[in-house]
>>> print(open('coords.cif').read())   # mmCIF, C-alpha atoms and all ligand atoms
data_entry
#
loop_
_atom_site.label_atom_id
_atom_site.label_comp_id
_atom_site.auth_asym_id
_atom_site.auth_seq_id
_atom_site.Cartn_x
_atom_site.Cartn_y
_atom_site.Cartn_z
CA MET A 1 -27.89 -1.10 71.90
CA GLU A 2 -28.65 -4.35 70.16
CA GLN A 3 -27.30 -2.55 67.12
CA ASP A 4 -24.03 -1.74 68.93
CA ILE A 5 -23.59 -5.40 69.57
CA GLN A 6 -24.35 -6.34 65.97
CA SER A 7 -21.88 -3.86 64.52
CA ALA A 8 -19.22 -4.91 67.07
CA ARG A 9 -19.84 -8.49 65.99
CA THR A 10 -19.26 -7.61 62.33
CA ALA A 11 -16.07 -5.74 63.19
CA LEU A 12 -14.87 -8.63 65.34
CA LEU A 13 -15.53 -11.12 62.56
CA SER A 14 -13.42 -9.31 59.99
CA GLU A 15 -10.68 -8.71 62.55
CA PHE A 16 -10.79 -12.41 63.47
CA ASP A 17 -10.42 -13.48 59.84
CA ALA A 18 -7.26 -11.45 59.48
CA LEU A 19 -5.57 -12.72 62.64
CA ASP A 20 -2.84 -15.36 62.56
CA ASP A 21 -3.05 -15.94 66.27
CA LYS A 22 -6.80 -16.33 66.71
CA GLN A 23 -6.56 -16.08 70.51
CA ARG A 24 -5.75 -12.36 70.15
CA ILE A 25 -9.34 -11.61 69.22
CA LEU A 26 -10.14 -11.79 72.94
CA LYS A 27 -8.03 -8.66 73.35
CA SER A 28 -9.82 -6.77 70.58
CA VAL A 29 -10.77 -3.12 71.23
CA HIS A 30 -14.27 -3.89 69.93
CA LEU A 31 -14.85 -6.44 72.63
CA ARG A 32 -13.32 -4.22 75.28
CA ALA A 33 -15.54 -1.30 74.22
CA LEU A 34 -18.64 -3.45 74.63
CA PHE A 35 -17.62 -4.51 78.13
CA ASP A 36 -16.65 -0.97 79.09
CA GLY A 37 -20.04 0.17 77.80
CA ILE A 38 -21.95 -1.99 80.28
CA ARG A 39 -21.41 0.60 83.05
CA GLU A 40 -22.89 3.30 80.86
CA VAL A 41 -26.17 1.48 80.31
CA GLU A 42 -29.18 2.42 82.41
CA PRO A 43 -29.54 0.11 85.39
CA LYS A 44 -32.88 -1.24 84.15
CA GLN A 45 -31.40 -2.44 80.88
CA ARG A 46 -27.93 -3.24 82.14
CA GLY A 47 -28.69 -6.90 82.93
CA ALA A 48 -30.02 -7.70 79.48
CA TYR A 49 -27.23 -5.79 77.77
CA GLY A 50 -24.56 -7.53 79.86
CA LYS A 51 -26.04 -10.89 78.90
CA SER A 52 -25.89 -10.08 75.19
CA VAL A 53 -22.27 -8.92 75.49
CA ASN A 54 -21.36 -12.12 77.30
CA ALA A 55 -23.18 -14.20 74.70
CA LEU A 56 -21.10 -12.51 72.00
CA LYS A 57 -17.92 -13.20 73.92
CA GLN A 58 -18.90 -16.85 74.14
CA GLU A 59 -19.57 -16.92 70.44
CA VAL A 60 -16.11 -15.45 69.80
CA GLN A 61 -14.65 -18.24 71.91
CA THR A 62 -16.39 -20.82 69.67
CA TRP A 63 -14.78 -19.15 66.61
CA ILE A 64 -11.40 -19.73 68.24
CA ASP A 65 -12.17 -23.32 69.11
CA ASP A 66 -13.44 -24.08 65.61
CA ALA A 67 -10.39 -22.50 64.00
CA GLN A 68 -8.07 -24.53 66.20
CA LEU A 69 -9.91 -27.72 65.37
CA ALA A 70 -9.78 -26.96 61.65
CA ASN A 71 -6.08 -26.24 61.89
CA HIS A 72 -5.51 -29.45 63.75
CA THR A 73 -7.45 -31.46 61.20
CA ALA A 74 -5.51 -29.85 58.37
CA GLN A 75 -2.25 -30.81 60.04
CA LEU A 76 -3.42 -34.36 60.53
CA ALA A 77 -4.50 -34.57 56.90
CA ALA A 78 -1.05 -33.37 55.87
CA ILE A 79 0.59 -36.27 57.68
CA ASP A 80 0.98 -39.41 55.63
CA VAL A 81 1.06 -41.89 58.47
CA THR A 82 2.88 -44.39 56.32
CA ALA A 83 5.75 -41.99 55.53
CA PRO A 84 5.69 -38.97 57.78
CA TRP A 85 9.24 -37.93 56.92
CA GLY A 86 12.18 -39.00 54.82
CA VAL A 87 14.39 -41.64 56.39
CA ASN A 88 17.37 -39.30 56.18
CA THR A 89 15.67 -36.52 58.16
CA PRO A 90 17.60 -36.30 61.44
CA VAL A 91 15.47 -37.39 64.38
CA GLY A 92 15.64 -33.94 66.00
CA SER A 93 14.23 -32.19 62.91
CA ARG A 94 11.14 -34.31 62.49
CA PRO A 95 7.63 -33.11 63.23
CA GLN A 96 6.63 -33.74 66.80
CA LEU A 97 3.44 -35.47 67.82
CA LEU A 98 0.69 -32.86 67.89
CA SER A 99 -0.02 -31.64 71.37
CA GLY A 100 -3.32 -32.93 72.64
CA VAL A 101 -3.19 -35.99 70.40
CA SER A 102 -2.64 -39.09 72.47
CA GLY A 103 -0.31 -41.64 70.92
CA SER A 104 3.24 -42.81 70.98
CA GLN A 105 5.96 -44.13 68.75
CA HIS A 106 5.99 -47.86 68.18
CA PRO A 107 9.01 -49.35 69.98
CA LEU A 108 10.31 -50.70 66.66
CA THR A 109 10.16 -47.25 65.06
CA ALA A 110 11.99 -45.74 68.01
CA GLU A 111 14.69 -48.41 67.75
CA ILE A 112 15.09 -47.99 63.99
CA ASP A 113 15.58 -44.24 64.57
CA ARG A 114 18.27 -44.91 67.18
CA ILE A 115 20.06 -47.42 64.99
CA CYS A 116 19.95 -45.23 61.87
CA ASP A 117 21.12 -42.23 63.84
CA ILE A 118 24.30 -44.12 64.77
CA TYR A 119 24.93 -45.31 61.21
CA GLN A 120 24.28 -41.81 59.84
CA ARG A 121 26.87 -40.41 62.22
CA MET A 122 29.24 -43.06 60.84
CA GLY A 123 28.63 -41.71 57.32
CA PHE A 124 25.99 -44.11 56.01
CA ILE A 125 22.97 -43.02 53.97
CA VAL A 126 19.62 -44.57 54.90
CA GLU A 127 17.39 -46.07 52.22
CA GLU A 128 14.09 -47.85 52.57
CA SER A 129 13.32 -51.26 51.16
CA ARG A 130 9.97 -52.21 49.65
CA GLU A 131 7.24 -54.56 50.70
CA ILE A 132 6.76 -56.24 47.35
CA ASP A 133 9.59 -57.32 45.11
CA ASP A 134 10.48 -59.84 42.44
CA ASP A 135 12.40 -63.07 42.13
CA TYR A 136 15.35 -61.34 40.46
CA HIS A 137 16.03 -59.03 43.44
CA MET A 138 15.13 -61.66 46.03
CA PHE A 139 17.32 -64.41 44.59
CA THR A 140 18.97 -64.13 41.17
CA SER A 141 20.78 -60.83 41.71
CA LEU A 142 22.06 -62.24 45.02
CA ASN A 143 23.77 -65.23 43.43
CA PHE A 144 21.11 -67.81 44.28
CA PRO A 145 21.12 -70.08 41.23
CA ALA A 146 17.70 -71.31 40.08
CA ASP A 147 16.54 -74.27 42.19
CA HIS A 148 19.42 -73.80 44.66
CA PRO A 149 18.51 -75.31 48.05
CA ALA A 150 19.56 -72.09 49.83
CA ARG A 151 16.33 -70.55 48.50
CA ASP A 152 14.47 -72.72 51.02
CA ASP A 153 15.89 -70.65 53.89
CA TYR A 154 13.92 -67.68 52.61
CA ASP A 155 10.46 -69.19 52.32
CA THR A 156 8.05 -66.29 51.95
CA PHE A 157 4.77 -65.26 50.37
CA MET A 158 4.20 -64.86 46.64
CA THR A 159 1.42 -63.42 44.58
CA ASP A 160 -0.17 -65.45 41.78
CA ASP A 161 1.76 -63.42 39.23
CA GLY A 162 5.13 -64.14 40.84
CA PHE A 163 5.79 -61.10 43.05
CA VAL A 164 7.50 -61.77 46.36
CA ALA A 165 7.06 -60.34 49.85
CA PRO A 166 10.80 -59.86 50.50
CA ALA A 167 12.22 -62.28 53.08
CA HIS A 168 15.24 -60.06 53.72
CA THR A 169 16.44 -56.52 53.10
CA SER A 170 19.24 -57.93 50.90
CA THR A 171 16.74 -57.58 48.01
CA MET A 172 17.86 -53.93 47.89
CA GLN A 173 21.55 -54.64 47.34
CA ASN A 174 21.50 -54.79 43.55
CA ARG A 175 19.30 -51.67 43.25
CA LEU A 176 21.32 -49.56 45.64
CA ILE A 177 24.71 -50.59 44.31
CA ARG A 178 23.48 -49.52 40.87
CA GLN A 179 22.02 -46.31 42.27
CA TYR A 180 25.22 -45.27 44.08
CA LYS A 181 27.74 -46.65 41.57
CA ASN A 182 28.68 -43.09 40.60
CA ASN A 183 30.16 -42.67 44.08
CA LEU A 184 32.81 -45.24 43.21
CA GLU A 185 33.70 -43.50 39.97
CA ALA A 186 34.03 -40.25 41.96
CA GLY A 187 36.40 -41.93 44.42
CA GLN A 188 33.78 -42.19 47.20
CA PRO A 189 32.59 -45.38 48.89
CA ILE A 190 29.06 -46.72 48.67
CA ALA A 191 27.87 -46.64 52.30
CA VAL A 192 24.19 -47.33 52.80
CA VAL A 193 21.98 -48.95 55.41
CA ILE A 194 18.47 -50.21 54.69
CA PRO A 195 16.06 -50.74 57.57
CA ASP A 196 12.69 -52.20 56.67
CA ARG A 197 10.02 -54.79 57.12
CA VAL A 198 10.55 -58.34 55.85
CA PHE A 199 8.32 -61.38 55.64
CA ARG A 200 8.66 -65.13 56.10
CA ASN A 201 6.36 -68.07 55.95
CA GLU A 202 6.95 -69.04 59.60
CA ASP A 203 5.14 -71.17 62.13
CA LEU A 204 4.43 -68.46 64.68
CA ASP A 205 5.62 -68.66 68.25
CA ALA A 206 7.18 -66.37 70.83
CA THR A 207 10.36 -65.96 68.76
CA HIS A 208 9.01 -66.32 65.20
CA GLU A 209 6.80 -63.83 63.41
CA HIS A 210 5.72 -63.72 59.74
CA THR A 211 6.54 -59.99 59.64
CA PHE A 212 9.65 -58.54 61.22
CA TYR A 213 12.35 -55.94 60.68
CA GLN A 214 15.94 -56.04 59.50
CA ILE A 215 18.63 -53.51 58.84
CA GLU A 216 20.91 -54.25 55.93
CA GLY A 217 24.26 -52.57 55.36
CA VAL A 218 26.41 -52.29 52.26
CA TYR A 219 29.89 -50.78 52.08
CA ILE A 220 31.95 -50.86 48.87
CA ASP A 221 35.21 -49.17 47.93
CA LYS A 222 38.69 -49.98 46.68
CA GLY A 223 40.66 -52.20 49.05
CA VAL A 224 37.87 -53.00 51.53
CA THR A 225 38.67 -56.06 53.69
CA VAL A 226 37.18 -58.20 56.46
CA GLY A 227 39.11 -55.91 58.84
CA ASN A 228 36.89 -53.00 57.77
CA LEU A 229 33.80 -55.14 58.28
CA ILE A 230 34.82 -56.03 61.84
CA ALA A 231 35.80 -52.44 62.66
CA THR A 232 32.54 -51.02 61.32
CA LEU A 233 30.24 -53.47 63.07
CA SER A 234 32.23 -53.26 66.33
CA ALA A 235 32.07 -49.47 66.27
CA PHE A 236 28.30 -49.66 65.81
CA MET A 237 27.80 -52.19 68.62
CA ASP A 238 30.00 -50.23 71.07
CA GLU A 239 27.97 -47.10 70.41
CA TYR A 240 24.62 -48.89 70.46
CA PHE A 241 25.26 -50.72 73.74
CA GLY A 242 27.31 -47.89 75.24
CA GLN A 243 30.34 -50.00 76.15
CA LYS A 244 33.42 -51.51 74.51
CA LEU A 245 32.51 -55.09 73.55
CA GLU A 246 34.49 -58.12 72.47
CA THR A 247 33.33 -59.47 69.12
CA LYS A 248 33.62 -62.82 67.38
CA LEU A 249 33.22 -63.94 63.77
CA GLN A 250 32.28 -67.51 63.02
CA PRO A 251 32.09 -69.04 59.55
CA PHE A 252 28.69 -69.32 57.95
CA TYR A 253 27.11 -69.64 54.52
CA PHE A 254 25.19 -67.10 52.47
CA PRO A 255 25.14 -67.29 48.66
CA PHE A 256 25.64 -63.52 48.38
CA THR A 257 28.83 -63.26 50.46
CA GLU A 258 32.21 -65.01 50.29
CA PRO A 259 33.48 -65.54 52.90
CA SER A 260 30.30 -65.40 55.04
CA PHE A 261 30.14 -65.03 58.80
CA GLU A 262 27.94 -64.83 61.82
CA PHE A 263 28.91 -61.84 63.93
CA ALA A 264 28.63 -62.26 67.69
CA ILE A 265 29.25 -59.83 70.52
CA GLU A 266 30.07 -60.42 74.12
CA ARG A 267 26.83 -60.06 76.10
CA PRO A 268 26.62 -56.41 77.19
CA ASP A 269 26.45 -55.71 80.95
CA ALA A 270 22.84 -54.59 80.69
CA LEU A 271 21.83 -57.98 79.26
CA ARG A 272 24.01 -60.21 81.41
CA LYS A 273 22.17 -62.96 83.25
CA ASN A 274 24.88 -65.27 84.54
CA ASP A 275 28.48 -66.03 83.80
CA SER A 276 28.16 -69.39 82.11
CA GLU A 277 30.12 -69.65 78.89
CA GLU A 278 27.13 -70.34 76.60
CA GLN A 279 25.59 -67.10 77.82
CA LYS A 280 28.66 -65.12 76.89
CA TRP A 281 28.08 -64.59 73.15
CA LEU A 282 25.12 -63.04 71.40
CA GLU A 283 24.87 -63.88 67.72
CA LEU A 284 23.39 -60.77 66.27
CA LEU A 285 23.74 -60.80 62.52
CA GLY A 286 24.90 -62.36 59.28
CA CYS A 287 27.61 -60.69 57.25
CA GLY A 288 30.44 -61.22 54.80
CA MET A 289 32.40 -59.92 51.87
CA ILE A 290 30.03 -59.22 48.97
CA HIS A 291 30.28 -62.04 46.46
CA PRO A 292 32.01 -61.03 43.19
CA ASN A 293 28.95 -62.27 41.28
CA VAL A 294 26.72 -59.84 43.22
CA LEU A 295 29.03 -56.92 42.45
CA ARG A 296 29.32 -57.91 38.80
CA GLU A 297 25.53 -58.30 38.49
CA ALA A 298 25.14 -54.72 39.74
CA GLY A 299 27.72 -53.41 37.26
CA VAL A 300 30.69 -53.08 39.65
CA ASP A 301 34.01 -54.64 38.68
CA PRO A 302 35.06 -57.00 41.51
CA GLU A 303 38.65 -56.83 40.29
CA ILE A 304 38.74 -53.16 41.30
CA TYR A 305 36.24 -52.86 44.16
CA THR A 306 35.43 -55.01 47.15
CA GLY A 307 32.85 -54.56 49.88
CA PHE A 308 31.10 -56.03 52.85
CA ALA A 309 27.44 -56.38 53.73
CA TRP A 310 25.44 -57.40 56.74
CA GLY A 311 21.86 -58.04 57.80
CA ASN A 312 20.70 -57.58 61.36
CA GLY A 313 17.28 -58.44 62.84
CA ILE A 314 15.84 -55.47 64.69
CA ASP A 315 12.96 -57.07 66.63
CA ARG A 316 15.33 -59.13 68.75
CA MET A 317 17.38 -56.08 69.67
CA VAL A 318 14.22 -54.32 70.89
CA MET A 319 13.11 -57.43 72.77
CA MET A 320 16.45 -57.62 74.54
CA ARG A 321 16.49 -53.93 75.34
CA HIS A 322 13.00 -53.86 76.86
CA GLY A 323 12.76 -57.44 78.14
CA ILE A 324 9.85 -58.25 75.79
CA GLU A 325 9.06 -61.96 75.98
CA ASP A 326 7.00 -62.49 72.81
CA VAL A 327 7.76 -61.12 69.33
CA ARG A 328 4.06 -61.29 68.40
CA HIS A 329 3.33 -58.23 70.57
CA PHE A 330 4.90 -56.01 67.91
CA GLN A 331 2.30 -56.69 65.23
CA SER A 332 -0.59 -57.12 67.66
CA ALA A 333 -1.73 -53.45 67.74
CA ASN A 334 -2.41 -54.15 71.41
CA LEU A 335 -2.71 -50.71 73.03
CA ALA A 336 -1.87 -52.01 76.51
CA PHE A 337 1.46 -53.21 75.09
CA LEU A 338 2.14 -50.07 73.04
CA ARG A 339 1.32 -47.62 75.84
CA GLN A 340 4.21 -48.96 77.88
CA PHE A 341 6.60 -47.25 75.46
CA LYS A 342 5.30 -43.68 75.80
N1 LIG B 1 19.88 -61.62 54.33
C1 LIG B 1 20.40 -62.45 55.41
C2 LIG B 1 19.23 -63.07 56.16
O1 LIG B 1 18.16 -62.52 56.16
C3 LIG B 1 21.25 -61.65 56.35
C4 LIG B 1 22.52 -61.21 55.69
C5 LIG B 1 23.60 -61.99 55.75
C6 LIG B 1 22.58 -60.03 54.98
C7 LIG B 1 24.80 -61.63 55.15
C8 LIG B 1 23.75 -59.64 54.36
C9 LIG B 1 24.86 -60.47 54.45
O2 LIG B 1 23.88 -58.52 53.67
O3 LIG B 1 25.98 -60.08 53.85
O4 LIG B 1 19.39 -64.10 56.73
#
>>> encode(input="coords.cif", output="structure tokens")
Amino acid sequence: MEQDIQSARTALLSEFDALDDKQRILKSVHLRALFDGIREVEPKQRGAYGKSVNALKQEVQTWIDDAQLANHTAQLAAIDVTAPWGVNTPVGSRPQLLSGVSGSQHPLTAEIDRICDIYQRMGFIVEESREIDDDYHMFTSLNFPADHPARDDYDTFMTDDGFVAPAHTSTMQNRLIRQYKNNLEAGQPIAVVIPDRVFRNEDLDATHEHTFYQIEGVYIDKGVTVGNLIATLSAFMDEYFGQKLETKLQPFYFPFTEPSFEFAIERPDALRKNDSEEQKWLELLGCGMIHPNVLREAGVDPEIYTGFAWGNGIDRMVMMRHGIEDVRHFQSANLAFLRQFK
């Protein structure tokens, strides 16, 4: 009888190896035959036999558990937590969190997904920025002359050999205009948004963090005007806040745009506190018509093409949406904070 059990075990093992769905081993004829056989055994030996059969069944269950664990571990190993999917993968097609693994999306990640989803539906491609860059992309390519005082507004961190932690996502403009220049030659616009992390040498407080997020946008084609800029940003804001909003442009200065503006929206209903006039407008982003020098530097003829660009802080949008009072929560890795966004 002990031999019956041993040969059933061998048969079960090879069957188990071949199964895709390991759970099905519990329905194996070999296991069933052993259980059915219990009745046939003489009463004196039945107890001991039954115990051995049950022990085998328990062993089979440990095979299943081990296989599931191994599978799980393999899936985890396959996930690069720093880049689990391409930025242009639609949200609905991305891998889901593994069942049984506790965790949740960071509120900034969730917001970036929402924002990019809207821009993608408007026809924009999403590109990532980088977390280390150089002086050329940070300043020179963006029409900041050497020693220009406007550089002081973007005080950030540098390595000893002159690399820069980018202080804005505009560092990507020159690269991406070059990368998508063929679009223009093919009669298509360049339409790209760039969400990513940026860095500044800030004195930290509830509204200032050394590390935060922006989303940059670039749109270039023949005959693009400020009217297109306003229409594009208004369409985004209406969709994002779910209501038709009044917008306002006020003059501003950036070296990389001419003219430059601050773009404000009427405070959406969800964020309305009182009716006083100074509460009415929310200044959300900087924008403007891309400076001819920036286009020329990226190999685009400003006599033929024009474009607009904008840069929008993301952290503040998330803080407004969720009523978060201190920007430092985002980088704190504080689980009590993060678990609220499950
Ligand atoms: N880079 C600017 C900042 O961080 C924001 C910005 C303003 C981006 C105007 C743009 C732009 O692309 O056109 O303050």
>>> axis_aligned_box(input="coords.cif", around="ligand LIG 1 (chain B)", padding_each_side="3 Å", output="lines of an AutoDock Vina configuration file")
center_x = 22.1
center_y = -61.3
center_z = 55.2
size_x = 13.8
size_y = 11.6
size_z = 9.1
>>> closest_residue(input="coords.cif", among="A:Phe16, A:Tyr136, A:Trp310, A:Phe157", to="ligand LIG 1 (chain B)", atoms="all atoms listed in the file")
A:Trp310
>>> atom_distance(input="coords.cif", atom1="atom CA of Asn182 of chain A", atom2="atom CA of Ile220 of chain A")
11.8 Å
>>> atom_distance(input="coords.cif", atom1="atom CA of Gly311 of chain A", atom2="atom CA of Leu284 of chain A")
9.0 Å
>>> residues_near_ligand(input="coords.cif", ligand="ligand LIG 1 (chain B)", cutoff="10 Å", atoms="only C-alpha atoms and all ligand atoms", output="ChimeraX atom specification")
/A:138,142,153-154,166-173,193-194,198-200,213-219,252-263,285-291,307-313
>>> closest_residue(input="coords.cif", among="A:Arg197, A:Arg32, A:Ser129, A:Arg94", to="Lys57 of chain A", atoms="all atoms listed in the file")
A:Arg32
>>> atom_distance(input="coords.cif", atom1="atom CA of His208 of chain A", atom2="atom CA of Ile118 of chain A")
27.0 Å
>>> closest_residue(input="coords.cif", among="A:Val29, A:Leu56, A:Val192, A:Ile265", to="Asp238 of chain A", atoms="all atoms listed in the file")
A:Ile265
>>> build_atoms(input="coords.cif", residues="segment 276-301 of chain A", atoms="N, CA and C atoms", output="compact mmCIF listing (two decimals), in the coordinates of the input")
# COMPACT_ATOMS: atom_id res chain seq x y z
N SER A 276 27.84 -68.15 82.81
CA SER A 276 28.16 -69.39 82.11
C SER A 276 28.59 -69.09 80.67
N GLU A 277 29.48 -69.93 80.17
CA GLU A 277 30.12 -69.65 78.89
C GLU A 277 29.10 -69.54 77.75
N GLU A 278 28.07 -70.39 77.74
CA GLU A 278 27.13 -70.34 76.60
C GLU A 278 26.30 -69.06 76.61
N GLN A 279 26.30 -68.38 77.75
CA GLN A 279 25.59 -67.10 77.82
C GLN A 279 26.47 -65.95 77.34
N LYS A 280 27.75 -66.25 77.12
CA LYS A 280 28.66 -65.12 76.89
C LYS A 280 28.40 -64.42 75.56
N TRP A 281 28.15 -65.20 74.48
CA TRP A 281 28.08 -64.59 73.15
C TRP A 281 26.65 -64.41 72.67
N LEU A 282 26.42 -63.30 72.04
CA LEU A 282 25.12 -63.04 71.40
C LEU A 282 25.36 -63.00 69.90
N GLU A 283 24.75 -63.94 69.18
CA GLU A 283 24.87 -63.88 67.72
C GLU A 283 23.84 -62.90 67.20
N LEU A 284 24.33 -61.84 66.60
CA LEU A 284 23.39 -60.77 66.27
C LEU A 284 23.08 -60.65 64.79
N LEU A 285 24.01 -61.07 63.93
CA LEU A 285 23.74 -60.80 62.52
C LEU A 285 24.59 -61.68 61.60
N GLY A 286 24.13 -61.69 60.33
CA GLY A 286 24.90 -62.36 59.28
C GLY A 286 25.64 -61.31 58.47
N CYS A 287 26.84 -61.69 57.99
CA CYS A 287 27.61 -60.69 57.25
C CYS A 287 28.64 -61.40 56.37
N GLY A 288 29.39 -60.64 55.61
CA GLY A 288 30.44 -61.22 54.80
C GLY A 288 30.93 -60.24 53.77
N MET A 289 31.89 -60.73 52.96
CA MET A 289 32.40 -59.92 51.87
C MET A 289 31.48 -60.16 50.66
N ILE A 290 31.00 -59.08 50.07
CA ILE A 290 30.03 -59.22 48.97
C ILE A 290 30.61 -60.09 47.86
N HIS A 291 29.83 -61.08 47.46
CA HIS A 291 30.28 -62.04 46.46
C HIS A 291 30.58 -61.32 45.13
N PRO A 292 31.70 -61.69 44.47
CA PRO A 292 32.01 -61.03 43.19
C PRO A 292 30.85 -61.10 42.19
N ASN A 293 30.09 -62.17 42.21
CA ASN A 293 28.95 -62.27 41.28
C ASN A 293 27.90 -61.21 41.56
N VAL A 294 27.72 -60.86 42.85
CA VAL A 294 26.72 -59.84 43.22
C VAL A 294 27.20 -58.47 42.73
N LEU A 295 28.49 -58.20 42.93
CA LEU A 295 29.03 -56.92 42.45
C LEU A 295 28.92 -56.83 40.93
N ARG A 296 29.33 -57.90 40.26
CA ARG A 296 29.32 -57.91 38.80
C ARG A 296 27.90 -57.71 38.27
N GLU A 297 26.94 -58.39 38.91
CA GLU A 297 25.53 -58.30 38.49
C GLU A 297 25.01 -56.87 38.60
N ALA A 298 25.59 -56.10 39.56
CA ALA A 298 25.14 -54.72 39.74
C ALA A 298 26.03 -53.74 38.97
N GLY A 299 26.92 -54.28 38.13
CA GLY A 299 27.72 -53.41 37.26
C GLY A 299 28.98 -52.87 37.92
N VAL A 300 29.45 -53.52 38.98
CA VAL A 300 30.69 -53.08 39.65
C VAL A 300 31.76 -54.14 39.40
N ASP A 301 32.94 -53.70 39.01
CA ASP A 301 34.01 -54.64 38.68
C ASP A 301 34.68 -55.16 39.96
